[in-house]
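Here the structure comes first, spelled out in structure tokens, and everything after it is commentary.
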Amino acid sequence: MIAYKVDNGLLNNGCFLDALGLVPHVFLLFSTFPILFIGWGSQSSKVHIHHSTWLHFPGHNLRWLLTVVLLFVLVCEIAEGIVSDGFNQSRHLHLYMPAGLGMLAAITSIVYYHNIETSNFPKLLIALLIYWTLAFITKTIKFVKYDDHGIGLMQLRFCITGLLALLYGLLLGVEVNVILRRRYMWFPCPTEVKPPDDLQDLGVRFLQPFVNLLSKSTYWWMNTFITSAHKRPIDLKTIGKLPISMRALTNFQRLRKAFDAQKGPVPLKGSRWIWLALRQAFGRPLVLSITFRFIADLLGFAGPLCISGIVHHISSDNHSALPPVKLLGVHFISSEAFLANAYVLAVLLFLALLLQRTFLQASYYVAIETGIKLRAAIQTKIYHKIMRLCTSNMSMGDMTTAQICSLVARDTNHLMWFFFLCPNLWAMPVQIVMGVLLLYSLLGVSALIGATVIVILAPLQYFVATRLSRAQKSTLEYTSERLKKTNELLRGIKLLKLYAWEHIFRSSVEETRRQELRNLRTFALYTSLSIFMNAAIPIAAVLTIFAVHVHVHSGTDFDLSPAVAFGSLSLFHILVTPLFLLSSVLHSTVKALVRVLVLWPQYALQLQAKLVNRKNKAKQDVNRNFEQQDQELTASASQDEDVCIKIVNGYFTWTQGCPTLSNIDIKVPFGQLTMIVGQVGCGKSSLLLAALGEMQKISGNITWNNLPKSDSEENVRKRGSVAYASQRPWLLNATVEENILFDMAPNEKRYKEVIEVCQLQPDIDTLPQGDQTVIGERGIILSGGQRQRICVARALYQHTNVVFLDDPFSALDIHLSDHLMREGILKLLRQEKRTVVLVTHKLQYLPHADWIIAMRDGTVQTQGTLKDIQCAEPELFEQHSVVIFYVFTHCIFVISLSGAECCCVVLLSQDCEFSHSSYLQVFCGLCALGIVLCLVTSLAVEWTGLRVSRELHCSLLRTIVLAPMRLFETTPLGNILNRFSADTNTIDQHIPVTLECLSRSTLLCVSAVGVISYVTPLFLFALLPLAVACYFIQKYFRVASRDLQQLEDSTEMPLLSHYSQTIEGLTTIRAFRHEQRFKKKLLEHTDANNISSLFLMAANRWLEVRMEYIGAFVVLIAAVASISNALCSQLSAGLVGLGLTYALMVSNYLNWIVRNLADMEVHLGCVKRVSGLIHTQPESYDGLMTPAQVPAGWPKYGEIQIKNLSVRYDSSLKPVLRHVSAHIRPGQKVGICGRTGSGKSSFSLALFRMLDTIEGNRIIDGIDIAKLPLQTLRSKFSIILQDPILFSGTIRFNLDPERKATDQMLWEALEIAQLMPVVKALPGGLDAMVTEGGENFSQGQRQLFCLARAFVRKSSILIMDEATASIDMATESILQKVVMTAFADRTVVTIAVSPCTSLNYCTLYKTTQQGSSTLALKLTCE
């Protein structure tokens, strides 16, 4: 009872000193509880949720950090009081009760402060100011009295008291700082502050940057979001907008500013400037992440040290410690005695685990967030480069859309993950060194021998990692090649089916797939070896250390004790992670470095170089700034006020070399119609693009003048917006209305007028949602003519002074062409006094032209009015006269364009974890068995997965090739391609690994829980609530994770689609001057993808923090239960160490189980999508007759009989042809005409059995084609489609994929198609390369190649479906003569939009609007 005596005064009494510390705590609790539970109950509903996260008091984070430290010190004070009280004969509550009340007061203070700050009631800070003052005074008095009684640093309570006095003093300083800086409380005019813009924006829901430190570290703010995902799916509206600091524009500006800062007077060489710019823009958060990682790794070593101490404490000879010192009537223990207590070590282990996991997840979050910001900045920078990209980059094959999309999707992700891995690069070496040093302190020299084993085996590990990298690179190359071939197959599937070439292209894809699978097997082998090495090296080191240690110290006092053994094993478990990840981290880092050092600068410089070249004033002037482009495009103002565009002595080229356009001297008058005419490939479209600044200028001047008598204050020399309709229709993946308006203000009157001019209303009426129908990627649901007219309607709707129309009639019939010319160009545009430049092959419209420019072989042949050309070029005028004759003759008929085109792996992971045996031999045997089974299991999983993937891909490819055309008309091409790309990649590489990891983690977690339960059966009672918590956490997380992963994938597709869409329509976008609009759209897509990624990453951190905390509770419960069991029941120290070692690993296993379960759920969605496509009903390829039963040489004569034929595109649709009957004699030349939607193209497709037959017969040379196998039928006919399709490869391959024709036959076909001079001029001739889509040839040349392809196949029936739409009249006339001579003995069926095409045939059939045919007129060729 000495502690309660007051003979020497109250302040010299230990109990009174402790009781004095209760005063501030009691004051705070009684003064704040009414406010917390009553006051804020009425105020909470008035405070908006966003403002509840408004943290505006100075020193906010410092206050939270100090409070956390204060709580830790108070826990230590409680523990010290309980341990000290254990040495007393009676209970002394004053040793730990004031500290317990202090903990409650500290928690109350931070809750109270949080409510004051978020509700903005600063006057209530008076309670905290008084509390910190009283607490500081009482602790200072206690500290001084301890010092007066000789209590010093050797006593732990003295140190704790001093720390508490310091902390209370610092918190008092923080409080005073808030009051003084904001002039609160007694100041008359407090400083006014406003919430940041983000918190005032109701759309911002990602609140991580704005919440308090506790919510940031535990992701508490995500609770509502995660739980609400279980009630309704997560979409973009749910996740809202990004905070301003995380948006793509903000980070792009930060990166651009950093780049500009590196452009000093002496520019840095190499890649150093890139790293300096990245460090300046994003270096600070990366340093913070590295710091957090260092702290987490240091705290991670507390686990092995605490386990070693606990096992040492409960050993038979270490149950007690040295007695403490008794002062002031109570016992004072030292730090050593305090840390020797097993229960104290268990609590410290628990706290260390909590802090370690918190700092680790904080490091992950900061690193990934920084990587996402970097990715957004680089994607935006690439897009800005693309907007300045020269058109020749794409047309000449220097750069493909796939390459740019790969740069955006893959390379930027590598850079993002490089930032994520940066903390590992710094932390892993330190972690390994620290681990080895601690092992040395436990095991001595044997630890160094184990480290030597690791160092010796490291080169082998590096060798495997290098081979793995090479295999992955090779696999990616074959994957890219396979996807390229698959993309071409899908885009040309209609042609392939009509020519019966599906098996050729399918075999090509399958051959590439086989090569890809061979590399995937190699990749799987090295992956398994890498897993084997990563598992074997640490175990080999452990075995070496223990064997050496037992051999050296056997029978001595330094024998291997349980404390040393299990402490060492725990350290090795820590070292396994960096050793396991070291090779993959280095590999990923090297890949990221390669992307930064090689690919990214290469692409960036390539983009920039191609841009600079296109605006050069002279050949040697190659270093001009982009800002000079407008000055280059607009030289001095023209003296002739009536001229809109003037080019003087212009020489232009697409590539370095000979000019494409030479000696160009033209003028385009204001407010008049200028027509550009000429043969195919003469440079008509290039002239338009040169005027728009899209070609590389070698020399000359381009002048754009403002409107005469303009109200502008200055003479505008810059080229304004030009309404441009390209020869190849370019449409957005949007509604019809959005494509026509093109971001212009809606004007209903003008909109209807444009619709009527372009005759779009009948087509709009057939669409499901009218003009609100989304037309799909590249207008997939529309026909060629509909796409063309929508592009023309867009140009007509715009309020621009200049309109460029590049061959707008190529896909239109004569009726639509006449209507568009008369109502659109001659009436609408002329009434508005707009300058129109029209490129056309329709020479019959020349009389309407105010000015004509005739092109030949890349130069201007002549220019002037029609009368001037009649005098200067009588040959050209003669062609025009012939065309007028044909038009006049054809005016009897009413024809139009064809109708609208309708579009798991089995795995058993055995990882026997019985390695901790009492005998070294058994231990070695089990370890060896475990790593061997690891290798066998990994190989079995990888190879089984590849076998399943091979079968799935083969079935998918076969199904797609055999599927009816209706599938491709109704399903976006991108969706089908995704099954072959993303989904196949997931099945190839992700599902086996995920399933293996899930099985392994589950088995390891079950084994760990089993070991702990065996050691301490009482653990099973505590396991139930933890299991319930785990169940609900994973239940809510899996739903949110699945939705967020799907949302991330779904937002990435529009982003990549926007890139490809921009690249394809680059000329149109720049002509309209809509660059800023598309850049803004890019920012929206990027932010949508990034906020999905950020929420997914935050959800992962939310899960891992909770699982880690549950794992920490598992360790605490296991430690306390095993310690009590050992002290009460004489449980062996070895079993205690075994249980605690496994308990440390439970949190990791729980994390991986839930994460892999969620990932597996998403990955199986890929299998479901692929399986759904595999079950598509194929076309009926079999017939009643076998190929052997078909007569040789059929069809020999080409006689076609159609009897009462009715067909439809699908069983759910109406017939497109009704009761059609016709008879085409052998060798007859037949033309088919009709209005739009009358069934012309459907008639041709019916001959190939591409449509569903309702009734009727099609008899060719006496055989009903319904009885023939499809492959045999289609291989006997030839067809030329309206849309020219070329494949990447040689000209020889494009003309004859079956390789049946000789060179002489190929040259003959090229000569017939008027292409022999063009091909002979190419390097390689027939072996010259064709780029993707044939972009290195003009539209007309591509159509001529398709004609030559049809001529190569010597079939008796040729069908030409608007095959000459993009060919000039002169070339078309020559081809008609060729058809009449070279195909005199063959049956030719022509669907034509030009009257001069149809009228050259013996018989003309007209299809009515109802789809029935009547013999309208018979004309002889003469």
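Each chain of the structure tokens is named A, B, ... in the order shown, its residues numbered from 1; ligands are numbered from 1 in display order.
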**Study point:** Within 7 Å of Ile1153 of chain A using only C-alpha atoms, minus same-chain residues under 2 positions, as a list in words
**Key:**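 Residues near the query, excluding close chain neighbours: Leu998, Ser1001, Thr1002, Tyr1149, Leu1150, Asn1151, Arg1155, Asn1156 and Leu1157 of chain A.
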Kindly export the residues of the current selection with N, CA and C atoms, as an mmCIF file, in the first residue's frame.
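The resulting file, again-v3.cif, is reproduced below:
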```
data_model
loop_
_atom_site.group_PDB
_atom_site.id
_atom_site.type_symbol
_atom_site.label_atom_id
_atom_site.label_comp_id
_atom_site.auth_asym_id
_atom_site.auth_seq_id
_atom_site.Cartn_x
_atom_site.Cartn_y
_atom_site.Cartn_z
ATOM 1 N N LEU A 998 -5.415 -19.882 -57.702
ATOM 2 C CA LEU A 998 -6.582 -20.014 -56.831
ATOM 3 C C LEU A 998 -6.539 -21.333 -56.070
ATOM 4 N N SER A 1001 -3.582 -21.236 -53.527
ATOM 5 C CA SER A 1001 -3.866 -20.374 -52.376
ATOM 6 C C SER A 1001 -4.892 -21.007 -51.451
ATOM 7 N N THR A 1002 -5.916 -21.629 -52.040
ATOM 8 C CA THR A 1002 -6.948 -22.263 -51.219
ATOM 9 C C THR A 1002 -6.371 -23.406 -50.387
ATOM 10 N N TYR A 1149 -2.683 -15.539 -48.167
ATOM 11 C CA TYR A 1149 -3.504 -16.559 -48.812
ATOM 12 C C TYR A 1149 -4.945 -16.078 -48.990
ATOM 13 N N LEU A 1150 -5.494 -15.423 -47.962
ATOM 14 C CA LEU A 1150 -6.863 -14.910 -48.065
ATOM 15 C C LEU A 1150 -6.982 -13.901 -49.200
ATOM 16 N N ASN A 1151 -5.996 -13.013 -49.305
ATOM 17 C CA ASN A 1151 -6.001 -12.019 -50.390
ATOM 18 C C ASN A 1151 -6.061 -12.682 -51.745
ATOM 19 N N ARG A 1155 -9.029 -12.452 -54.582
ATOM 20 C CA ARG A 1155 -8.645 -11.792 -55.835
ATOM 21 C C ARG A 1155 -8.740 -12.762 -57.007
ATOM 22 N N ASN A 1156 -8.209 -13.959 -56.828
ATOM 23 C CA ASN A 1156 -8.245 -14.932 -57.913
ATOM 24 C C ASN A 1156 -9.659 -15.427 -58.198
ATOM 25 N N LEU A 1157 -10.468 -15.496 -57.151
ATOM 26 C CA LEU A 1157 -11.859 -15.893 -57.354
ATOM 27 C C LEU A 1157 -12.586 -14.850 -58.199
#
```
Review point. Which of segment 618-826 of chain A counts as helix (DSSP H, G or I) under DSSP, as a PyMOL selection string please?
Key: chain A and resi 626-633+684-691+736-741+748-757+761-766+770-772+777-779+784-797+814-826
**Study point:** Who sits within 7 Å of segment 533-545 of chain A, only C-alpha atoms, same chain under 3 positions skipped, as JSON, numbers by chain
**Key:** {"A": [446, 447, 449, 450, 451, 453, 454, 461, 529, 530, 548, 549, 576, 579, 580, 924, 927, 931]}
Review point. Segment 1283-1298 of chain A: which residues within 10 Å, counting only C-alpha atoms, same-chain residues fewer than 4 positions away excluded, as a ChimeraX atom specification?
Key: /A:484-485,488-489,491-492,494-495,501,504-505,728,783-784,811,1302-1303,1306-1307,1309-1310,1319,1324-1335,1337,1339-1353,1361-1363,1365-1366
Practice item. Write out as a VMD selection string each polymer residue whose atoms come within 9 Å of Asp1182 of chain A, counting only C-alpha atoms; drop sequence neighbours fewer than 3 positions from it. Key: chain A and resid 1179 1185 to 1186 1267 to 1271
Review point. Restricting the calculation to only C-alpha atoms, which member of A:Leu348, A:Ile107, A:Val1167, A:Met185 is positioned closest to Leu124 of chain A?
Key: A:Met185
Within 10 Å of segment 295-316 of chain A, which residues of segment 446-563 of chain A come that close, and what is the closest atom pair and distance in Å for each? Count only C-alpha atoms and give it as a tab-separated table.
```
residue	atom	partner	partner_atom	distance
A:Ser561	CA	A:His312	CA	8.7
A:Pro562	CA	A:Val311	CA	6.8
A:Ala563	CA	A:Ser308	CA	4.6
```
Can I get the selected residues back with C-alpha atoms, as an mmCIF file, in the first residue's frame?
```cif
data_model
loop_
_atom_site.group_PDB
_atom_site.id
_atom_site.type_symbol
_atom_site.label_atom_id
_atom_site.label_comp_id
_atom_site.auth_asym_id
_atom_site.auth_seq_id
_atom_site.Cartn_x
_atom_site.Cartn_y
_atom_site.Cartn_z
ATOM 1 C CA SER A 561 16.754 -24.049 -31.071
ATOM 2 C CA PRO A 562 13.048 -23.673 -31.889
ATOM 3 C CA ALA A 563 13.293 -19.883 -31.492
#
```
Point to revise | Spatial neighbours of Ser949 of chain A, 9 Å, only C-alpha atoms, chain gap at least 2 places, as number ranges by chain | key: A: 904-905, 944-947, 951-954, 984, 987-988
Point to revise | Atom-to-atom span, atom CA of Gln727 of chain A and atom CA of Lys1377 of chain A, Å | key: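 So the two atoms, atom CA of Gln727 of chain A and atom CA of Lys1377 of chain A, lie 26.5 Å apart.
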Check your understanding: Counting only C-alpha atoms, what is within 8 Å of His1219 of chain A, bar same-chain residues fewer than 5 positions away, as a VMD selection string?
Key -> chain A and resid 1203 to 1206 1256 1412
Check your understanding: Given the choices A:Leu1135, A:Leu689, A:Ile531, A:Ile755, which gets closest to Asp771 of chain A if the distance is worked out from only C-alpha atoms?
Key -> A:Ile755
